[in-house]
$ cat work36.cif   # mmCIF, C-alpha atoms and all ligand atoms
data_target
#
loop_
_atom_site.group_PDB
_atom_site.id
_atom_site.type_symbol
_atom_site.label_atom_id
_atom_site.label_comp_id
_atom_site.auth_asym_id
_atom_site.auth_seq_id
_atom_site.Cartn_x
_atom_site.Cartn_y
_atom_site.Cartn_z
ATOM 1 C CA MET O 1 117.291 91.909 84.426
ATOM 2 C CA GLY O 2 119.476 94.526 86.042
ATOM 3 C CA ARG O 3 121.784 96.562 83.851
ATOM 4 C CA LEU O 4 125.009 98.319 84.706
ATOM 5 C CA PHE O 5 123.631 101.867 84.777
ATOM 6 C CA ASP O 6 120.331 101.068 86.504
ATOM 7 C CA PHE O 7 121.493 102.885 89.610
ATOM 8 C CA MET O 8 121.308 106.172 87.697
ATOM 9 C CA LEU O 9 117.599 105.893 86.949
ATOM 10 C CA PRO O 10 114.552 106.197 89.180
ATOM 11 C CA GLU O 11 112.144 103.267 89.228
ATOM 12 C CA ASN O 12 110.234 102.652 86.008
ATOM 13 C CA LYS O 13 106.528 102.810 86.839
ATOM 14 C CA SER O 14 105.103 103.307 83.366
ATOM 15 C CA PRO O 15 106.817 100.797 81.041
ATOM 16 C CA LEU O 16 104.888 101.907 77.947
ATOM 17 C CA THR O 17 106.422 105.383 78.104
ATOM 18 C CA ALA O 18 109.619 104.668 80.041
ATOM 19 C CA ASP O 19 111.017 101.559 78.344
ATOM 20 C CA SER O 20 112.246 103.215 75.153
ATOM 21 C CA THR O 21 113.922 106.033 77.111
ATOM 22 C CA ASP O 22 115.582 103.560 79.452
ATOM 23 C CA TRP O 23 116.759 101.317 76.656
ATOM 24 C CA LEU O 24 118.404 104.218 74.876
ATOM 25 C CA PHE O 25 119.879 105.534 78.101
ATOM 26 C CA HIS O 26 121.485 102.154 78.779
ATOM 27 C CA PHE O 27 122.627 101.764 75.185
ATOM 28 C CA ILE O 28 124.394 105.155 75.125
ATOM 29 C CA ASN O 29 126.061 104.579 78.484
ATOM 30 C CA GLU O 30 127.136 101.008 77.778
ATOM 31 C CA ALA O 31 128.414 101.828 74.282
ATOM 32 C CA SER O 32 130.330 104.808 75.730
ATOM 33 C CA LEU O 33 131.844 102.583 78.387
ATOM 34 C CA VAL O 34 132.958 99.991 75.836
ATOM 35 C CA ILE O 35 134.531 102.685 73.634
ATOM 36 C CA PHE O 36 136.121 104.390 76.628
ATOM 37 C CA LEU O 37 137.701 101.164 77.893
ATOM 38 C CA GLY O 38 138.803 100.236 74.352
ATOM 39 C CA VAL O 39 140.577 103.577 73.908
ATOM 40 C CA ILE O 40 142.224 103.480 77.337
ATOM 41 C CA PHE O 41 143.461 99.904 76.982
ATOM 42 C CA ALA O 42 144.717 100.451 73.436
ATOM 43 C CA MET O 43 146.544 103.561 74.649
ATOM 44 C CA ILE O 44 148.211 101.735 77.525
ATOM 45 C CA TYR O 45 149.066 98.762 75.324
ATOM 46 C CA PHE O 46 150.627 100.900 72.580
ATOM 47 C CA ALA O 47 152.527 103.031 75.068
ATOM 48 C CA ILE O 48 154.229 99.929 76.383
ATOM 49 C CA ARG O 49 154.584 98.037 73.105
ATOM 50 C CA TYR O 50 156.068 100.914 71.116
ATOM 51 C CA ARG O 51 158.006 102.762 73.773
ATOM 52 C CA ARG O 52 161.477 104.041 72.802
ATOM 53 C CA LYS O 53 163.879 101.219 73.524
ATOM 54 C CA SER O 54 167.249 102.754 72.760
ATOM 55 C CA GLU O 55 168.868 106.145 72.056
ATOM 56 C CA ASP O 56 168.726 105.759 68.269
ATOM 57 C CA ASP O 57 165.278 104.157 68.057
ATOM 58 C CA LYS O 58 163.592 106.128 65.146
ATOM 59 C CA THR O 59 159.829 106.487 64.656
ATOM 60 C CA PRO O 60 158.914 105.146 61.197
ATOM 61 C CA LEU O 61 157.000 107.564 58.925
ATOM 62 C CA ILE O 62 153.387 106.397 58.669
ATOM 63 C CA THR O 63 151.093 108.681 56.634
ATOM 64 C CA HIS O 64 147.730 106.944 56.905
ATOM 65 C CA ASN O 65 145.837 103.692 56.978
ATOM 66 C CA ASN O 66 142.601 103.636 55.005
ATOM 67 C CA THR O 67 141.084 100.529 56.573
ATOM 68 C CA LEU O 68 141.661 101.784 60.084
ATOM 69 C CA GLU O 69 140.385 105.292 59.400
ATOM 70 C CA ILE O 70 137.236 104.091 57.669
ATOM 71 C CA THR O 71 136.551 101.662 60.501
ATOM 72 C CA TRP O 72 136.847 104.245 63.245
ATOM 73 C CA SER O 73 134.652 106.670 61.305
ATOM 74 C CA VAL O 74 131.941 104.293 60.158
ATOM 75 C CA ILE O 75 131.336 102.461 63.438
ATOM 76 C CA PRO O 76 130.649 105.666 65.437
ATOM 77 C CA LEU O 77 128.539 106.956 62.541
ATOM 78 C CA LEU O 78 126.392 103.825 62.672
ATOM 79 C CA LEU O 79 126.097 104.217 66.410
ATOM 80 C CA THR O 80 124.756 107.771 66.013
ATOM 81 C CA PHE O 81 122.201 106.432 63.513
ATOM 82 C CA VAL O 82 121.057 103.872 66.051
ATOM 83 C CA VAL O 83 120.798 106.561 68.742
ATOM 84 C CA PHE O 84 118.855 108.855 66.435
ATOM 85 C CA GLY O 85 116.529 106.083 65.244
ATOM 86 C CA LEU O 86 115.696 104.891 68.731
ATOM 87 C CA GLY O 87 115.378 108.441 70.052
ATOM 88 C CA TYR O 88 113.012 109.352 67.266
ATOM 89 C CA SER O 89 110.813 106.295 67.658
ATOM 90 C CA GLY O 90 110.709 106.822 71.435
ATOM 91 C CA TRP O 91 109.680 110.429 70.893
ATOM 92 C CA LEU O 92 106.934 109.390 68.464
ATOM 93 C CA ASN O 93 105.673 106.941 71.060
ATOM 94 C CA LEU O 94 105.488 109.723 73.667
ATOM 95 C CA LYS O 95 103.642 111.965 71.199
ATOM 96 C CA THR O 96 101.126 109.308 70.118
ATOM 97 C CA VAL O 97 98.464 109.029 72.771
ATOM 98 C CA PRO O 98 96.508 105.747 72.665
ATOM 99 C CA ASN O 99 92.939 106.325 71.471
ATOM 100 C CA ASP O 100 91.270 105.072 74.619
ATOM 101 C CA ALA O 101 93.310 107.297 76.957
ATOM 102 C CA TYR O 102 91.535 108.744 79.990
ATOM 103 C CA GLU O 103 91.767 112.526 79.924
ATOM 104 C CA ILE O 104 92.491 114.810 82.854
ATOM 105 C CA GLN O 105 92.986 118.595 82.732
ATOM 106 C CA VAL O 106 96.002 120.100 84.468
ATOM 107 C CA THR O 107 96.614 123.810 85.058
ATOM 108 C CA GLY O 108 99.952 124.993 86.347
ATOM 109 C CA PHE O 109 100.235 128.337 88.099
ATOM 110 C CA LYS O 110 102.542 129.983 90.614
ATOM 111 C CA TRP O 111 103.080 127.629 92.521
ATOM 112 C CA SER O 112 100.715 124.715 92.348
ATOM 113 C CA TRP O 113 99.024 122.323 89.982
ATOM 114 C CA ASN O 114 95.246 122.442 89.733
ATOM 115 C CA ILE O 115 93.620 119.266 88.417
ATOM 116 C CA ASN O 116 90.151 118.982 86.855
ATOM 117 C CA TYR O 117 88.328 115.724 86.137
ATOM 118 C CA GLU O 118 85.532 114.960 83.694
ATOM 119 C CA ASN O 119 82.792 115.033 86.336
ATOM 120 C CA GLY O 120 83.729 118.344 87.957
ATOM 121 C CA ALA O 121 85.947 116.860 90.637
ATOM 122 C CA GLN O 122 88.959 119.050 91.399
ATOM 123 C CA THR O 123 92.198 118.521 93.262
ATOM 124 C CA ILE O 124 95.295 120.520 93.993
ATOM 125 C CA ASN O 125 98.769 118.999 93.670
ATOM 126 C CA GLU O 126 97.324 115.481 93.468
ATOM 127 C CA ILE O 127 96.509 113.689 90.243
ATOM 128 C CA HIS O 128 94.343 110.680 90.949
ATOM 129 C CA VAL O 129 94.424 108.033 88.228
ATOM 130 C CA PRO O 130 93.433 104.394 87.771
ATOM 131 C CA LYS O 131 96.191 101.898 87.064
ATOM 132 C CA GLY O 132 96.522 99.868 83.896
ATOM 133 C CA ILE O 133 94.961 102.253 81.368
ATOM 134 C CA PRO O 134 96.586 105.084 79.398
ATOM 135 C CA ILE O 135 96.160 108.521 80.994
ATOM 136 C CA LYS O 136 96.378 111.710 78.966
ATOM 137 C CA LEU O 137 97.034 114.988 80.743
ATOM 138 C CA VAL O 138 95.972 118.106 78.855
ATOM 139 C CA MET O 139 98.037 120.894 80.354
ATOM 140 C CA THR O 140 98.066 124.672 80.340
ATOM 141 C CA SER O 141 99.339 127.477 82.536
ATOM 142 C CA SER O 142 97.470 130.487 83.844
ATOM 143 C CA ASP O 143 100.574 132.607 84.314
ATOM 144 C CA VAL O 144 104.156 131.831 83.318
ATOM 145 C CA LEU O 145 106.033 128.906 81.780
ATOM 146 C CA HIS O 146 106.111 125.760 83.886
ATOM 147 C CA SER O 147 107.234 122.265 83.023
ATOM 148 C CA PHE O 148 105.564 119.038 84.072
ATOM 149 C CA PHE O 149 107.918 116.208 84.959
ATOM 150 C CA VAL O 150 107.314 112.744 86.407
ATOM 151 C CA PRO O 151 110.738 111.034 86.542
ATOM 152 C CA GLU O 152 109.260 107.599 87.276
ATOM 153 C CA TYR O 153 107.178 107.748 84.077
ATOM 154 C CA ARG O 154 109.965 109.427 82.029
ATOM 155 C CA VAL O 155 107.525 112.080 80.837
ATOM 156 C CA LYS O 156 108.302 115.776 80.796
ATOM 157 C CA HIS O 157 106.718 118.628 78.911
ATOM 158 C CA ASP O 158 106.576 122.403 79.031
ATOM 159 C CA VAL O 159 103.330 123.897 80.300
ATOM 160 C CA LEU O 160 102.521 127.211 78.627
ATOM 161 C CA PRO O 161 100.033 130.032 79.034
ATOM 162 C CA ASN O 162 97.574 130.447 76.118
ATOM 163 C CA ARG O 163 98.307 127.010 74.737
ATOM 164 C CA TYR O 164 97.655 123.335 75.484
ATOM 165 C CA THR O 165 100.302 120.653 75.629
ATOM 166 C CA TYR O 166 99.980 117.041 76.686
ATOM 167 C CA VAL O 167 101.737 113.996 78.074
ATOM 168 C CA TRP O 168 100.523 110.446 78.459
ATOM 169 C CA PHE O 169 101.575 107.525 80.617
ATOM 170 C CA GLN O 170 100.219 104.248 81.950
ATOM 171 C CA PRO O 171 101.100 103.318 85.510
ATOM 172 C CA GLU O 172 100.946 99.576 86.067
ATOM 173 C CA GLU O 173 100.982 99.563 89.857
ATOM 174 C CA THR O 174 99.135 101.416 92.585
ATOM 175 C CA GLY O 175 101.105 103.893 94.651
ATOM 176 C CA GLU O 176 102.481 107.414 94.371
ATOM 177 C CA SER O 177 104.911 109.115 92.024
ATOM 178 C CA GLN O 178 106.537 112.515 92.461
ATOM 179 C CA ILE O 179 105.788 115.395 90.091
ATOM 180 C CA PHE O 180 108.215 118.300 89.698
ATOM 181 C CA CYS O 181 108.028 121.635 87.953
ATOM 182 C CA THR O 182 111.240 121.800 85.923
ATOM 183 C CA GLU O 183 111.012 125.291 84.483
ATOM 184 C CA TYR O 184 112.167 128.025 86.834
ATOM 185 C CA CYS O 185 108.963 129.970 87.488
ATOM 186 C CA GLY O 186 109.720 132.291 90.394
ATOM 187 C CA ASN O 187 110.346 132.303 94.158
ATOM 188 C CA SER O 188 108.621 129.085 95.135
ATOM 189 C CA HIS O 189 109.394 127.157 91.971
ATOM 190 C CA SER O 190 111.115 124.413 93.948
ATOM 191 C CA ASN O 191 108.014 123.979 96.113
ATOM 192 C CA MET O 192 105.832 123.376 93.092
ATOM 193 C CA LEU O 193 105.590 119.716 93.967
ATOM 194 C CA ALA O 194 102.749 117.318 93.391
ATOM 195 C CA LYS O 195 101.987 113.615 93.262
ATOM 196 C CA VAL O 196 100.337 111.174 90.940
ATOM 197 C CA ILE O 197 98.241 108.831 93.057
ATOM 198 C CA VAL O 198 97.493 105.555 91.327
ATOM 199 C CA HIS O 199 94.424 103.590 92.436
ATOM 200 C CA GLU O 200 92.910 100.254 91.526
ATOM 201 C CA PRO O 201 90.313 101.031 88.817
ATOM 202 C CA GLU O 202 87.344 100.405 91.175
ATOM 203 C CA ASP O 203 88.861 102.556 93.918
ATOM 204 C CA PHE O 204 89.467 105.328 91.411
ATOM 205 C CA GLN O 205 85.832 105.235 90.324
ATOM 206 C CA THR O 206 84.707 105.431 93.941
ATOM 207 C CA TRP O 207 87.055 108.335 94.591
ATOM 208 C CA LEU O 208 85.824 110.126 91.468
ATOM 209 C CA ASP O 209 82.163 109.668 92.392
ATOM 210 C CA GLU O 210 82.753 110.916 95.904
ATOM 211 C CA ASN O 211 84.398 114.094 94.629
ATOM 212 C CA ALA O 212 82.033 114.794 91.741
ATOM 213 C CA GLY O 213 81.054 118.390 91.158
ATOM 214 C CA GLY O 214 83.792 120.074 93.172
ATOM 215 C CA PRO O 215 83.435 121.662 96.615
ATOM 216 C CA THR O 216 80.478 120.730 98.797
ATOM 217 C CA GLY O 217 79.045 121.825 102.126
ATOM 218 C CA SER O 218 78.143 125.229 103.571
ATOM 219 C CA PRO O 219 79.412 128.365 101.769
ATOM 220 C CA ILE O 220 82.165 128.735 104.383
ATOM 221 C CA GLU O 221 83.256 125.119 103.901
ATOM 222 C CA GLN O 222 83.189 125.558 100.151
ATOM 223 C CA GLY O 223 85.218 128.744 100.504
ATOM 224 C CA GLU O 224 87.809 126.842 102.479
ATOM 225 C CA GLN O 225 87.997 124.125 99.813
ATOM 226 C CA LEU O 226 88.278 126.762 97.089
ATOM 227 C CA VAL O 227 91.209 128.436 98.849
ATOM 228 C CA THR O 228 92.921 125.050 98.778
ATOM 229 C CA LEU O 229 91.903 124.165 95.225
ATOM 230 C CA GLN O 230 92.914 127.545 93.837
ATOM 231 C CA GLY O 231 96.352 127.191 95.358
ATOM 232 C CA CYS O 232 96.103 130.326 97.521
ATOM 233 C CA GLN O 233 97.977 128.469 100.255
ATOM 234 C CA ALA O 234 101.171 128.399 98.236
ATOM 235 C CA CYS O 235 101.463 132.062 99.208
ATOM 236 C CA HIS O 236 98.989 132.720 102.063
ATOM 237 C CA SER O 237 99.042 130.837 105.354
ATOM 238 C CA VAL O 238 95.999 130.571 107.597
ATOM 239 C CA ASP O 239 97.965 130.391 110.857
ATOM 240 C CA GLY O 240 99.825 133.698 110.796
ATOM 241 C CA THR O 241 103.025 132.405 109.190
ATOM 242 C CA GLU O 242 104.420 134.786 106.587
ATOM 243 C CA ILE O 243 105.066 133.065 103.284
ATOM 244 C CA ILE O 244 104.986 135.038 100.035
ATOM 245 C CA GLY O 245 101.865 137.041 100.775
ATOM 246 C CA PRO O 246 100.137 138.284 103.963
ATOM 247 C CA SER O 247 98.651 135.542 106.145
ATOM 248 C CA PHE O 248 94.868 135.165 106.002
ATOM 249 C CA LYS O 249 94.800 134.929 109.784
ATOM 250 C CA GLY O 250 92.940 137.946 111.095
ATOM 251 C CA ILE O 251 92.601 139.438 107.619
ATOM 252 C CA TRP O 252 88.988 140.524 107.996
ATOM 253 C CA ASN O 253 88.612 144.206 108.950
ATOM 254 C CA ARG O 254 92.307 144.573 109.446
ATOM 255 C CA GLU O 255 94.055 147.819 108.582
ATOM 256 C CA ARG O 256 96.081 147.397 105.462
ATOM 257 C CA LYS O 257 98.914 149.736 104.592
ATOM 258 C CA LEU O 258 99.394 149.907 100.855
ATOM 259 C CA ALA O 259 102.599 150.397 98.917
ATOM 260 C CA ASP O 260 101.305 153.781 97.660
ATOM 261 C CA GLY O 261 101.118 155.058 101.249
ATOM 262 C CA ASN O 262 97.349 154.850 101.705
ATOM 263 C CA THR O 263 95.719 152.780 104.393
ATOM 264 C CA ILE O 264 92.470 150.917 103.915
ATOM 265 C CA ILE O 265 90.344 148.476 105.874
ATOM 266 C CA VAL O 266 90.058 144.952 104.477
ATOM 267 C CA ASP O 267 86.452 144.478 103.350
ATOM 268 C CA GLU O 268 84.598 142.500 100.658
ATOM 269 C CA ASN O 269 85.517 144.830 97.831
ATOM 270 C CA TYR O 270 89.181 144.939 98.720
ATOM 271 C CA ILE O 271 89.356 141.134 98.870
ATOM 272 C CA ARG O 272 87.475 140.788 95.612
ATOM 273 C CA GLU O 273 89.800 143.244 93.906
ATOM 274 C CA SER O 274 92.851 141.602 95.466
ATOM 275 C CA ILE O 275 91.809 138.269 93.946
ATOM 276 C CA LEU O 276 90.816 139.464 90.486
ATOM 277 C CA TYR O 277 93.318 142.300 89.999
ATOM 278 C CA PRO O 278 96.036 141.937 92.656
ATOM 279 C CA GLY O 279 98.201 144.566 90.965
ATOM 280 C CA GLU O 280 95.709 147.366 91.653
ATOM 281 C CA LYS O 281 96.490 147.710 95.372
ATOM 282 C CA ILE O 282 99.756 146.271 96.568
ATOM 283 C CA ALA O 283 100.072 145.508 100.266
ATOM 284 C CA GLU O 284 103.056 147.360 101.703
ATOM 285 C CA GLY O 285 106.143 145.208 102.197
ATOM 286 C CA TYR O 286 105.045 142.602 99.659
ATOM 287 C CA GLN O 287 105.880 142.052 96.038
ATOM 288 C CA ASN O 288 103.397 142.119 93.232
ATOM 289 C CA VAL O 289 103.724 138.405 92.429
ATOM 290 C CA MET O 290 100.132 137.214 92.752
ATOM 291 C CA SER O 291 98.727 136.380 89.304
ATOM 292 C CA PRO O 292 95.308 137.846 88.540
ATOM 293 C CA TYR O 293 92.533 135.283 89.044
ATOM 294 C CA GLU O 294 90.366 137.066 86.501
ATOM 295 C CA GLY O 295 88.848 134.386 84.263
ATOM 296 C CA ARG O 296 89.857 131.592 86.598
ATOM 297 C CA ILE O 297 87.347 132.128 89.355
ATOM 298 C CA ASN O 298 83.730 133.321 89.269
ATOM 299 C CA ASP O 299 81.813 135.734 91.508
ATOM 300 C CA GLU O 300 80.011 132.986 93.372
ATOM 301 C CA GLU O 301 83.337 131.384 94.264
ATOM 302 C CA ILE O 302 84.817 134.718 95.346
ATOM 303 C CA THR O 303 81.851 135.285 97.648
ATOM 304 C CA LYS O 304 82.407 131.890 99.288
ATOM 305 C CA ILE O 305 86.102 132.607 99.710
ATOM 306 C CA ILE O 306 85.275 135.933 101.365
ATOM 307 C CA GLU O 307 82.841 134.169 103.735
ATOM 308 C CA TYR O 308 85.620 131.777 104.669
ATOM 309 C CA LEU O 309 88.292 134.488 105.080
ATOM 310 C CA LYS O 310 85.980 136.273 107.547
ATOM 311 C CA THR O 311 86.170 133.247 109.820
ATOM 312 C CA ILE O 312 89.962 132.999 110.087
ATOM 313 C CA ASP O 313 91.023 134.870 113.205
HETATM 314 CU CU CU M 1 106.460 126.084 87.830
#

$ encode --input "work36.cif" --output "structure tokens"
Amino acid sequence: MGRLFDFMLPENKSPLTADSTDWLFHFINEASLVIFLGVIFAMIYFAIRYRRKSEDDKTPLITHNNTLEITWSVIPLLLTFVVFGLGYSGWLNLKTVPNDAYEIQVTGFKWSWNINYENGAQTINEIHVPKGIPIKLVMTSSDVLHSFFVPEYRVKHDVLPNRYTYVWFQPEETGESQIFCTEYCGNSHSNMLAKVIVHEPEDFQTWLDENAGGPTGSPIEQGEQLVTLQGCQACHSVDGTEIIGPSFKGIWNRERKLADGNTIIVDENYIRESILYPGEKIAEGYQNVMSPYEGRINDEEITKIIEYLKTID
């Protein structure tokens, strides 16, 4: 059934996590409205009823009224207890992941979400899940603070470096839901968008099997997939457009002016160093905002990326 303040909420696509939040949201708004109208109408009524009627109309001296004062203190106090109680139980529900939840690993970094599945499948900015079962996301960050937010599931949690946090939800219908980063994390924070894509359970299994084990194909093709999966494209275009970092178009063998005044030629070692320790040589005219990929990417993967970068001209 529709409620008065429904228009303020996005659709509820995960009742098990969203219902308690929504209920409380409606309760607070509706109770506030009732109190607001009560106060306004009482005020208008009294202003008319007790207005000064003649020149020598004297206000009687009223010191207090115990019944009235206790009533207007106790009712709001009870209301705050209700709000606390429901808020607390809703929070416990969000913190208590069902035992049979399906686990997916999520890593936030400037400015994408990298998703890892149990069988080695990987995606960027897309979380594929089956409908109808609880999903647990185990989240961490490889650089700064981010925050994972899916309004339609009413789940939101900080994502921190050097620590794991989690959220759970259970979408009941297939389709897509928007993910936002809600912790300001630098230039492209507002582009740190992603989607949850909900499949029928069988379709999810098929998708998972098809993507098992991560990138496939020739080294160049794998390099291309890695550049996507590692989120390089948040900052590097492949068509010459300048985003945050230099475009990969024509990168191979190009002359690179560095911020320290030196000039070098882009070769394997420079690319490798730029990926692992980007702060060592800063390209002139750019800011040192690329996070080191040390520990996040192995030599074999770097080699494939280099093979791919050679082909973009
Ligand atoms: Cu972020």

$ atom_distance --input "work36.cif" --atom1 "CA of Glu224 (chain O)" --atom2 "CA of Tyr270 (chain O)"
18.5 Å

$ closest_atom_pairs --input "work36.cif" --of "chain O" --to "ligand CU 1 (chain M)" --cutoff "7 Å" --atoms "only C-alpha atoms and all ligand atoms" --output "JSON lines"
{"residue": "O:Gly108", "atom": "CA", "partner": "M:CU1", "partner_atom": "CU", "distance": 6.8}
{"residue": "O:Phe109", "atom": "CA", "partner": "M:CU1", "partner_atom": "CU", "distance": 6.6}
{"residue": "O:Lys110", "atom": "CA", "partner": "M:CU1", "partner_atom": "CU", "distance": 6.2}
{"residue": "O:Trp111", "atom": "CA", "partner": "M:CU1", "partner_atom": "CU", "distance": 6.0}
{"residue": "O:Leu145", "atom": "CA", "partner": "M:CU1", "partner_atom": "CU", "distance": 6.7}
{"residue": "O:His146", "atom": "CA", "partner": "M:CU1", "partner_atom": "CU", "distance": 4.0}
{"residue": "O:Ser147", "atom": "CA", "partner": "M:CU1", "partner_atom": "CU", "distance": 6.2}
{"residue": "O:Cys181", "atom": "CA", "partner": "M:CU1", "partner_atom": "CU", "distance": 4.7}
{"residue": "O:Thr182", "atom": "CA", "partner": "M:CU1", "partner_atom": "CU", "distance": 6.7}
{"residue": "O:Glu183", "atom": "CA", "partner": "M:CU1", "partner_atom": "CU", "distance": 5.7}
{"residue": "O:Tyr184", "atom": "CA", "partner": "M:CU1", "partner_atom": "CU", "distance": 6.1}
{"residue": "O:Cys185", "atom": "CA", "partner": "M:CU1", "partner_atom": "CU", "distance": 4.6}
{"residue": "O:His189", "atom": "CA", "partner": "M:CU1", "partner_atom": "CU", "distance": 5.2}
{"residue": "O:Met192", "atom": "CA", "partner": "M:CU1", "partner_atom": "CU", "distance": 6.0}

$ write_last_selection --input "work36.cif" --atoms "C-alpha atoms" --output "compact mmCIF listing (two decimals), in the frame of the given file"
# COMPACT_ATOMS: atom_id res chain seq x y z
CA GLY O 108 99.95 124.99 86.35
CA PHE O 109 100.24 128.34 88.10
CA LYS O 110 102.54 129.98 90.61
CA TRP O 111 103.08 127.63 92.52
CA LEU O 145 106.03 128.91 81.78
CA HIS O 146 106.11 125.76 83.89
CA SER O 147 107.23 122.26 83.02
CA CYS O 181 108.03 121.64 87.95
CA THR O 182 111.24 121.80 85.92
CA GLU O 183 111.01 125.29 84.48
CA TYR O 184 112.17 128.02 86.83
CA CYS O 185 108.96 129.97 87.49
CA HIS O 189 109.39 127.16 91.97
CA MET O 192 105.83 123.38 93.09

$ closest_residue --input "work36.cif" --among "O:Val198, O:Ile282, O:Ile35, O:Ile243" --to "Ala259 (chain O)" --atoms "all atoms listed in the file"
O:Ile282

$ closest_residue --input "work36.cif" --among "O:Val34, O:His128, O:Pro151, O:Phe169" --to "Trp207 (chain O)" --atoms "all atoms listed in the file"
O:His128

$ resolve_selection --input "work36.cif" --expression "the PyMOL selection byres (((chain O and resi 87) around 12) and not hetatm)" --output "PyMOL selection string"
chain O and resi 19-25+27-28+80-86+88-94

$ write_last_selection --input "work36.cif" --atoms "C-alpha atoms" --output "CSV table (one decimal), in the frame of the given file"
chain,number,residue,atom,x,y,z
O,19,ASP,CA,111.0,101.6,78.3
O,20,SER,CA,112.2,103.2,75.2
O,21,THR,CA,113.9,106.0,77.1
O,22,ASP,CA,115.6,103.6,79.5
O,23,TRP,CA,116.8,101.3,76.7
O,24,LEU,CA,118.4,104.2,74.9
O,25,PHE,CA,119.9,105.5,78.1
O,27,PHE,CA,122.6,101.8,75.2
O,28,ILE,CA,124.4,105.2,75.1
O,80,THR,CA,124.8,107.8,66.0
O,81,PHE,CA,122.2,106.4,63.5
O,82,VAL,CA,121.1,103.9,66.1
O,83,VAL,CA,120.8,106.6,68.7
O,84,PHE,CA,118.9,108.9,66.4
O,85,GLY,CA,116.5,106.1,65.2
O,86,LEU,CA,115.7,104.9,68.7
O,88,TYR,CA,113.0,109.4,67.3
O,89,SER,CA,110.8,106.3,67.7
O,90,GLY,CA,110.7,106.8,71.4
O,91,TRP,CA,109.7,110.4,70.9
O,92,LEU,CA,106.9,109.4,68.5
O,93,ASN,CA,105.7,106.9,71.1
O,94,LEU,CA,105.5,109.7,73.7

$ resolve_selection --input "work36.cif" --expression "the PyMOL selection byres (((chain O and resi 14) around 7) and not hetatm)" --output "list in words"
Asn12, Lys13, Pro15, Leu16, Thr17, Ala18, Tyr153, Phe169, Gln170, Pro171 and Glu172 of chain O

$ write_last_selection --input "work36.cif" --atoms "C-alpha atoms" --output "mmCIF file, in the coordinates of the input"
data_model
loop_
_atom_site.group_PDB
_atom_site.id
_atom_site.type_symbol
_atom_site.label_atom_id
_atom_site.label_comp_id
_atom_site.auth_asym_id
_atom_site.auth_seq_id
_atom_site.Cartn_x
_atom_site.Cartn_y
_atom_site.Cartn_z
ATOM 1 C CA ASN O 12 110.234 102.652 86.008
ATOM 2 C CA LYS O 13 106.528 102.810 86.839
ATOM 3 C CA PRO O 15 106.817 100.797 81.041
ATOM 4 C CA LEU O 16 104.888 101.907 77.947
ATOM 5 C CA THR O 17 106.422 105.383 78.104
ATOM 6 C CA ALA O 18 109.619 104.668 80.041
ATOM 7 C CA TYR O 153 107.178 107.748 84.077
ATOM 8 C CA PHE O 169 101.575 107.525 80.617
ATOM 9 C CA GLN O 170 100.219 104.248 81.950
ATOM 10 C CA PRO O 171 101.100 103.318 85.510
ATOM 11 C CA GLU O 172 100.946 99.576 86.067
#

$ decode --input "work36.cif" --residues "region 203-226 of chain O" --atoms "C-alpha atoms" --output "compact mmCIF listing (two decimals), in the first residue's frame"
# COMPACT_ATOMS: atom_id res chain seq x y z
CA ASP O 203 21.45 -17.25 -15.93
CA PHE O 204 23.83 -16.16 -13.20
CA GLN O 205 25.42 -19.60 -13.10
CA THR O 206 25.86 -19.54 -16.87
CA TRP O 207 27.38 -16.07 -16.72
CA LEU O 208 29.73 -17.15 -13.93
CA ASP O 209 30.87 -20.26 -15.80
CA GLU O 210 31.50 -18.29 -18.95
CA ASN O 211 33.70 -15.80 -17.11
CA ALA O 212 35.56 -18.27 -14.91
CA GLY O 213 39.25 -17.67 -14.39
CA GLY O 214 39.42 -14.05 -15.52
CA PRO O 215 40.77 -12.77 -18.84
CA THR O 216 41.10 -15.15 -21.77
CA GLY O 217 42.49 -15.04 -25.29
CA SER O 218 45.84 -13.94 -26.72
CA PRO O 219 48.21 -11.92 -24.47
CA ILE O 220 47.15 -8.72 -26.25
CA GLU O 221 43.47 -9.51 -25.71
CA GLN O 222 44.13 -10.34 -22.09
CA GLY O 223 46.07 -7.10 -21.71
CA GLU O 224 43.09 -5.20 -23.05
CA GLN O 225 40.75 -6.93 -20.59
CA LEU O 226 43.17 -6.23 -17.74
